[in-house]
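Trainee: Hey, dropping target-v6.cif in here, mmCIF, C-alpha atoms and all ligand atoms:
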```cif
data_target
#
loop_
_atom_site.label_atom_id
_atom_site.label_comp_id
_atom_site.auth_asym_id
_atom_site.auth_seq_id
_atom_site.Cartn_x
_atom_site.Cartn_y
_atom_site.Cartn_z
CA MET A 1 36.24 -57.12 52.98
CA SER A 2 33.55 -56.38 55.44
CA PHE A 3 31.85 -57.04 58.72
CA VAL A 4 28.63 -59.06 58.89
CA PRO A 5 27.08 -58.86 62.39
CA LEU A 6 25.72 -61.95 64.12
CA TYR A 7 22.38 -60.93 65.60
CA LYS A 8 22.27 -63.77 68.09
CA LEU A 9 23.97 -64.40 71.40
CA ARG A 10 26.50 -67.13 70.84
CA ARG A 11 29.70 -67.74 72.78
CA SER A 12 32.67 -69.96 72.03
CA ILE A 13 36.41 -70.11 72.61
CA PRO A 14 38.39 -68.15 69.99
CA SER A 15 41.22 -69.87 68.15
CA SER A 16 44.53 -68.06 68.07
CA GLY A 17 44.27 -66.69 64.50
CA GLU A 18 40.80 -65.25 64.95
CA LYS A 19 40.15 -61.59 65.68
CA LEU A 20 39.31 -60.08 69.02
CA LEU A 21 37.66 -56.72 69.71
CA ILE A 22 38.75 -55.59 73.16
CA LEU A 23 37.19 -52.61 74.88
CA ASP A 24 37.97 -51.30 78.33
CA ARG A 25 35.78 -49.52 80.86
CA LYS A 26 37.09 -46.11 79.82
CA GLY A 27 35.47 -46.57 76.39
CA ARG A 28 38.75 -47.36 74.64
CA VAL A 29 39.40 -50.00 72.00
CA TYR A 30 42.68 -51.86 71.53
CA LEU A 31 43.91 -51.62 67.95
CA GLU A 32 47.05 -52.83 66.29
CA VAL A 33 49.12 -50.33 64.33
CA GLU A 34 50.20 -52.11 61.15
CA LYS A 35 53.48 -51.38 59.32
CA ASN A 36 51.65 -49.09 56.87
CA GLY A 37 50.15 -47.12 59.79
CA LYS A 38 46.63 -48.55 59.39
CA LEU A 39 44.71 -49.44 62.54
CA ALA A 40 43.58 -53.07 62.64
CA ILE A 41 41.70 -55.46 64.94
CA PRO A 42 44.24 -57.64 66.78
CA ARG A 43 44.41 -61.44 66.61
CA ALA A 44 43.21 -63.39 69.62
CA ASP A 45 46.65 -64.87 70.27
CA LYS A 46 47.86 -61.45 71.38
CA PHE A 47 45.86 -62.16 74.55
CA PRO A 48 46.73 -65.73 75.62
CA GLU A 49 44.66 -65.41 78.83
CA LEU A 50 41.53 -65.11 76.70
CA LEU A 51 42.12 -68.21 74.59
CA ALA A 52 40.54 -70.43 77.24
CA VAL A 53 37.43 -68.33 77.83
CA GLU A 54 34.08 -68.52 76.04
CA LEU A 55 33.58 -65.11 74.45
CA PRO A 56 30.63 -63.63 72.55
CA GLU A 57 30.84 -63.93 68.77
CA LEU A 58 30.17 -60.50 67.28
CA GLY A 59 30.02 -61.52 63.64
CA VAL A 60 32.11 -62.36 60.61
CA PHE A 61 34.93 -59.89 60.10
CA ARG A 62 36.84 -60.34 56.84
CA ASN A 63 35.77 -64.00 56.55
CA GLN A 64 36.65 -64.88 60.16
CA ILE A 65 34.60 -64.96 63.32
CA CYS A 66 35.37 -61.89 65.41
CA TYR A 67 34.96 -62.17 69.16
CA GLY A 68 34.52 -59.41 71.68
CA CYS A 69 35.58 -58.88 75.24
CA ARG A 70 35.37 -56.07 77.78
CA TRP A 71 38.59 -56.35 79.63
CA GLU A 72 40.96 -54.14 81.61
CA ILE A 73 44.46 -54.48 80.24
CA GLU A 74 47.05 -53.42 82.80
CA GLU A 75 50.03 -53.74 80.54
CA SER A 76 49.82 -53.78 76.75
CA PRO A 77 50.89 -57.25 75.52
CA CYS A 78 52.89 -55.82 72.60
CA GLU A 79 54.17 -52.42 71.62
CA ASN A 80 52.22 -51.96 68.41
CA LEU A 81 48.94 -52.28 70.28
CA ILE A 82 47.36 -48.96 71.24
CA ALA A 83 44.33 -48.04 73.33
CA ILE A 84 42.24 -45.37 71.64
CA ASP A 85 38.90 -43.78 72.45
CA VAL A 86 36.24 -45.53 70.32
CA ARG A 87 34.78 -42.26 69.03
CA GLU A 88 38.25 -41.11 68.01
CA ALA A 89 38.99 -44.50 66.42
CA MET A 90 35.84 -44.25 64.28
CA THR A 91 37.37 -41.31 62.41
CA GLN A 92 40.57 -43.21 61.61
CA VAL A 93 39.55 -46.75 60.62
CA ASP A 94 38.09 -48.27 57.46
CA ASN A 95 34.41 -49.13 57.10
CA ALA A 96 34.72 -52.78 58.15
CA VAL A 97 36.37 -51.82 61.46
CA LYS A 98 33.92 -48.95 61.93
CA ASN A 99 30.94 -51.30 61.49
CA LEU A 100 32.50 -53.77 63.91
CA LEU A 101 32.90 -50.98 66.49
CA LEU A 102 29.32 -49.80 65.96
CA ARG A 103 28.10 -53.30 66.72
CA GLY A 104 30.67 -54.44 69.26
CA LYS A 105 30.66 -51.45 71.60
CA PRO A 106 26.97 -51.50 72.57
CA ILE A 107 26.77 -55.30 72.73
CA LEU A 108 29.87 -55.72 74.90
CA GLU A 109 28.78 -52.92 77.23
CA TRP A 110 25.29 -54.38 77.48
CA LEU A 111 26.63 -57.87 78.25
CA SER A 112 28.91 -56.57 80.97
CA LEU A 113 26.29 -54.33 82.59
CA ARG A 114 23.18 -56.50 82.23
CA ARG A 115 24.17 -59.33 84.51
CA TYR A 116 21.36 -59.50 87.07
CA CYS A 117 17.59 -59.46 86.87
CA SER A 118 16.21 -56.08 87.93
CA VAL A 119 12.97 -57.78 89.11
CA CYS A 120 14.29 -60.54 91.39
CA GLY A 121 18.07 -60.10 91.46
CA SER A 122 18.94 -63.53 90.04
CA GLU A 123 21.94 -63.93 87.77
CA LEU A 124 20.87 -63.79 84.10
CA ILE A 125 21.66 -66.33 81.39
CA ASP A 126 21.84 -65.90 77.59
CA HIS A 127 18.55 -66.55 75.79
CA GLU A 128 18.78 -69.49 73.39
CA GLN A 129 16.97 -67.97 70.41
CA GLU A 130 16.71 -64.23 70.92
CA GLU A 131 19.47 -61.69 71.28
CA ALA A 132 18.47 -61.25 74.89
CA ARG A 133 19.38 -62.26 78.41
CA THR A 134 16.79 -63.97 80.51
CA CYS A 135 16.15 -64.62 84.18
CA PRO A 136 16.10 -68.36 85.06
CA ASN A 137 14.02 -67.56 88.15
CA CYS A 138 11.21 -65.24 86.98
CA GLY A 139 11.53 -65.48 83.19
CA MET A 140 12.02 -61.73 82.62
CA LEU A 141 13.71 -60.90 79.29
CA PHE A 142 16.29 -58.16 78.82
CA PHE A 143 17.18 -56.89 75.36
CA PRO A 144 20.04 -54.55 74.44
CA LYS A 145 18.99 -50.96 75.14
CA ILE A 146 18.75 -48.62 72.16
CA SER A 147 17.90 -44.96 72.80
CA PRO A 148 16.44 -43.05 69.85
CA ALA A 149 17.80 -39.55 69.40
CA ILE A 150 17.19 -36.91 66.76
CA ILE A 151 19.62 -34.65 64.93
CA VAL A 152 18.41 -31.85 62.67
CA MET A 153 19.91 -29.43 60.16
CA ILE A 154 17.91 -26.18 60.09
CA LYS A 155 18.10 -24.28 56.82
CA ARG A 156 17.24 -20.63 56.28
CA GLU A 157 15.90 -19.15 53.03
CA ASP A 158 19.29 -17.60 52.25
CA GLY A 159 20.83 -21.11 52.28
CA LYS A 160 22.60 -20.69 55.63
CA ILE A 161 22.42 -23.52 58.17
CA LEU A 162 22.26 -23.42 61.95
CA LEU A 163 25.33 -24.76 63.76
CA ALA A 164 25.79 -24.77 67.49
CA TYR A 165 28.60 -25.28 69.94
CA ASN A 166 27.63 -27.66 72.72
CA ARG A 167 29.79 -27.26 75.83
CA HIS A 168 29.82 -31.04 76.33
CA PHE A 169 31.77 -31.54 73.08
CA LYS A 170 35.27 -32.84 73.66
CA HIS A 171 36.74 -30.70 70.86
CA LYS A 172 35.57 -27.21 69.97
CA CYS A 173 33.37 -27.69 66.94
CA TYR A 174 29.96 -26.61 65.71
CA SER A 175 27.31 -29.17 64.97
CA LEU A 176 23.61 -29.70 64.40
CA ILE A 177 20.95 -29.59 67.11
CA ALA A 178 20.46 -33.03 68.65
CA GLY A 179 18.78 -34.67 71.60
CA PHE A 180 17.04 -37.77 72.90
CA VAL A 181 13.45 -38.66 72.07
CA GLU A 182 11.44 -38.55 75.31
CA ALA A 183 8.87 -41.18 76.29
CA GLY A 184 5.58 -40.58 74.45
CA GLU A 185 7.08 -38.35 71.76
CA SER A 186 7.32 -38.94 68.03
CA ALA A 187 10.73 -38.25 66.49
CA GLU A 188 9.25 -35.13 64.83
CA ASP A 189 7.95 -33.88 68.22
CA ALA A 190 11.45 -34.32 69.60
CA VAL A 191 12.94 -32.33 66.70
CA ARG A 192 10.54 -29.44 67.35
CA ARG A 193 11.06 -29.52 71.13
CA GLU A 194 14.87 -29.77 71.06
CA VAL A 195 15.17 -26.87 68.62
CA LYS A 196 12.86 -24.73 70.75
CA GLU A 197 14.65 -25.64 74.00
CA GLU A 198 18.21 -25.32 72.78
CA VAL A 199 18.07 -22.31 70.44
CA GLY A 200 14.54 -20.89 70.82
CA LEU A 201 13.58 -21.12 67.13
CA GLU A 202 10.40 -22.20 65.34
CA ILE A 203 10.84 -24.61 62.43
CA LYS A 204 8.70 -26.07 59.63
CA ASN A 205 8.89 -28.75 56.90
CA ILE A 206 10.55 -31.36 59.12
CA ARG A 207 11.80 -34.15 56.83
CA TYR A 208 13.46 -37.44 57.75
CA LEU A 209 16.77 -38.23 56.01
CA TYR A 210 18.42 -41.40 57.36
CA SER A 211 19.72 -42.89 60.59
CA GLN A 212 22.95 -44.12 62.13
CA SER A 213 23.79 -46.21 65.13
CA TRP A 214 25.74 -44.06 67.59
CA PRO A 215 26.73 -46.15 70.60
CA PHE A 216 27.82 -43.27 72.88
CA PRO A 217 26.39 -44.75 74.95
CA ASP A 218 23.48 -46.39 73.09
CA SER A 219 21.84 -44.00 70.62
CA LEU A 220 20.18 -44.55 67.31
CA MET A 221 20.52 -41.14 65.64
CA LEU A 222 17.61 -40.21 63.38
CA GLY A 223 18.68 -37.49 60.94
CA PHE A 224 16.28 -34.73 59.84
CA THR A 225 16.26 -31.44 57.99
CA ALA A 226 13.89 -28.56 58.70
CA ASP A 227 13.34 -25.01 57.50
CA TYR A 228 13.60 -21.96 59.73
CA ALA A 229 10.13 -20.58 60.43
CA GLY A 230 10.69 -17.77 62.92
CA GLY A 231 12.19 -16.47 66.14
CA GLU A 232 15.55 -15.11 67.29
CA ILE A 233 18.38 -17.44 68.31
CA LYS A 234 18.42 -17.72 72.08
CA VAL A 235 20.80 -20.41 73.32
CA ASP A 236 19.83 -22.35 76.41
CA GLY A 237 23.21 -21.57 78.04
CA GLU A 238 23.32 -25.03 79.60
CA GLU A 239 24.10 -27.37 76.74
CA ILE A 240 24.40 -24.88 73.90
CA ALA A 241 26.91 -22.10 74.44
CA GLU A 242 26.84 -20.52 70.95
CA ALA A 243 24.70 -20.89 67.83
CA ASP A 244 24.39 -19.05 64.55
CA PHE A 245 23.46 -19.47 60.90
CA TYR A 246 26.47 -20.10 58.68
CA SER A 247 26.99 -19.97 54.93
CA VAL A 248 28.54 -23.13 53.42
CA ASP A 249 31.43 -20.94 52.25
CA ALA A 250 32.32 -19.81 55.77
CA LEU A 251 31.79 -22.77 58.07
CA PRO A 252 33.37 -23.07 61.52
CA ALA A 253 35.11 -26.27 62.74
CA LEU A 254 32.77 -29.20 62.01
CA PRO A 255 32.26 -32.51 63.88
CA GLY A 256 34.53 -35.44 63.00
CA HIS A 257 34.17 -37.76 60.03
CA GLY A 258 32.08 -40.85 60.68
CA SER A 259 29.31 -38.95 62.48
CA ILE A 260 25.86 -38.49 60.97
CA ALA A 261 26.17 -34.72 61.63
CA ARG A 262 29.21 -34.53 59.37
CA ARG A 263 27.49 -36.56 56.66
CA ILE A 264 24.36 -34.37 56.66
CA ILE A 265 26.43 -31.15 56.55
CA GLU A 266 28.76 -32.45 53.82
CA GLU A 267 25.90 -33.61 51.63
CA TYR A 268 24.33 -30.16 51.96
CA ILE A 269 27.63 -28.45 51.04
CA ALA A 270 27.91 -30.68 47.95
CA GLU A 271 24.30 -29.92 46.98
CA LYS A 272 24.85 -26.13 47.31
CA ARG A 273 28.06 -26.22 45.27
CA ASN A 274 26.42 -28.20 42.47
CA ILE A 275 23.61 -25.71 41.97
ZN ZN B 301 14.14 -62.43 87.74
#
```
Could I get this structure in the form of structure tokens?
Ligand SMILES: [Zn+2]
Mentor:
Amino acid sequence: MSFVPLYKLRRSIPSSGEKLLILDRKGRVYLEVEKNGKLAIPRADKFPELLAVELPELGVFRNQICYGCRWEIEESPCENLIAIDVREAMTQVDNAVKNLLLRGKPILEWLSLRRYCSVCGSELIDHEQEEARTCPNCGMLFFPKISPAIIVMIKREDGKILLAYNRHFKHKCYSLIAGFVEAGESAEDAVRREVKEEVGLEIKNIRYLYSQSWPFPDSLMLGFTADYAGGEIKVDGEEIAEADFYSVDALPALPGHGSIARRIIEEYIAEKRNI
């Protein structure tokens, strides 16, 4: 029971029993609340208007092709269909739905925004072999945009980790230091720079852990750990409002499940408790 992405641009008309991932412009996904309370991807026949339209195939979801569409629904077609913020949905769905959202959100947004050539203004068409859109006039190719970003857990010798409250967070929680990789930087340079800019600390022993797609809007989060090397915490006051080192036994509110930040922190907690 899984989701296998289709890394190719292919469009066809969905049949009524197939699944349909619908996102709106507010970043919400339409999910069906099943009798047992689970959130599921709706069938295409819930949206009869879309059964005559060629839609992008996102991949194979539980042995069926799943299509995607960015569409503004004015009135929900049935009462057990709810619109929920994608980031919020990620914390409540199973892995197959989560993987479909991770793939579908950036692709559907890219397809709806990348419609014209930024060189000559012509309307773009799907590329036949690549996952790209191409200009029939000047030949320019446009691929989905992926923005690398770093996230880092800074550990101190006493085992405490640095957590910070970013005023852009929707809910009050404390997370790891994160930021986009700038042009010309390595990921490690970005780790060092973001930590210095946001909390004023020096770090050492930067080590890569793993990555996660984070399509809010189009990031690839590269997870790192580092050791504290010196300096006093001085928050930038713009993004970061508060930061401190916390013991794993006295942690503040953490970011939601499904995020790489939560995974890195939870793995560290488990490691400390097993020692
Ligand atoms: Zn062009």
Trainee: Quick one: of A:Leu163, A:Lys170, A:Asn205, A:Arg273, who's nearest to A:Ala243, counting all atoms listed in the file?
Mentor: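 So, comparing all the options, the nearest one is A:Leu163.
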Trainee: Give the answer as one residue: which of A:Arg103, A:Arg115, A:Arg262, A:Lys196 has the shortest atom-to-atom distance to A:Lys234, using only C-alpha atoms?
Mentor: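 Selected residue with least distance to A:Lys234: A:Lys196.
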Trainee: Enter the distance from atom CA of A:Thr134 to atom CA of A:Trp214, in Å, rounded to one decimal.
Mentor: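 Going from atom CA of A:Thr134 over to atom CA of A:Trp214 covers 25.4 Å.
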Trainee: Pick from A:Leu50, A:Leu124, A:Ile13, A:Cys78: nearest to ligand ZN 301 (chain B), with all atoms listed in the file counted?
Mentor: A:Leu124
Trainee: If I take atom CA of A:Leu20 and atom CA of A:Trp71, how far is one from the other in Å, to one decimal?
Mentor: 11.3 Å
Trainee: I'd like to know which of A:Ile151, A:Cys135, A:Val191, A:Ile265 is closest to ligand ZN 301 (chain B), using only C-alpha atoms and all ligand atoms.
Mentor: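 Among the listed residues, A:Cys135 lies closest to ligand ZN 301 (chain B).
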Trainee: Using all atoms listed in the file, which of A:Ile206, A:Leu176, A:Cys117, A:Val199 sits nearest ligand ZN 301 (chain B)?
Mentor: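 Once distances to ligand ZN 301 (chain B) are computed over all atoms listed in the file, the minimum belongs to A:Cys117.
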Trainee: Provide the atom CA of A:Arg11 to atom CA of A:Leu113 distance in Å, to one decimal place.
Mentor: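 These two atoms are separated by 17.0 Å.
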Trainee: Distance table requested - chain A against ligand ZN 301 (chain B), cut-off 7 Å, all atoms listed in the file: one row per qualifying residue with the closest atom pair and its distance in Å to one decimal, ordered by chain and rising residue number, as a Markdown table.
Mentor:
```
| residue | atom | partner | partner_atom | distance |
| --- | --- | --- | --- | --- |
| A:Cys117 | CA | B:ZN301 | ZN | 4.6 |
| A:Ser118 | CA | B:ZN301 | ZN | 6.7 |
| A:Val119 | CA | B:ZN301 | ZN | 5.0 |
| A:Cys120 | CA | B:ZN301 | ZN | 4.1 |
| A:Gly121 | CA | B:ZN301 | ZN | 5.9 |
| A:Ser122 | CA | B:ZN301 | ZN | 5.4 |
| A:Cys135 | CA | B:ZN301 | ZN | 4.6 |
| A:Pro136 | CA | B:ZN301 | ZN | 6.8 |
| A:Asn137 | CA | B:ZN301 | ZN | 5.1 |
| A:Cys138 | CA | B:ZN301 | ZN | 4.1 |
| A:Gly139 | CA | B:ZN301 | ZN | 6.1 |
| A:Met140 | CA | B:ZN301 | ZN | 5.6 |
```
Trainee: Nearest to A:Glu267: which of A:Lys98, A:Trp110, A:Leu209, A:Glu32 is it, counting all atoms listed in the file?
Mentor: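 Closest to A:Glu267 of all the choices is A:Leu209.
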Trainee: Can you list, as a list of chain:residue names, every protein, DNA or RNA residue that comes within 7 Å of A:Cys69 when you count all atoms listed in the file, leaving out same-chain residues fewer than 5 positions away?
Mentor: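 Near neighbours after the sequence-gap exclusion: A:Leu21, A:Ile22, A:Leu23, A:Leu55, A:Leu108.
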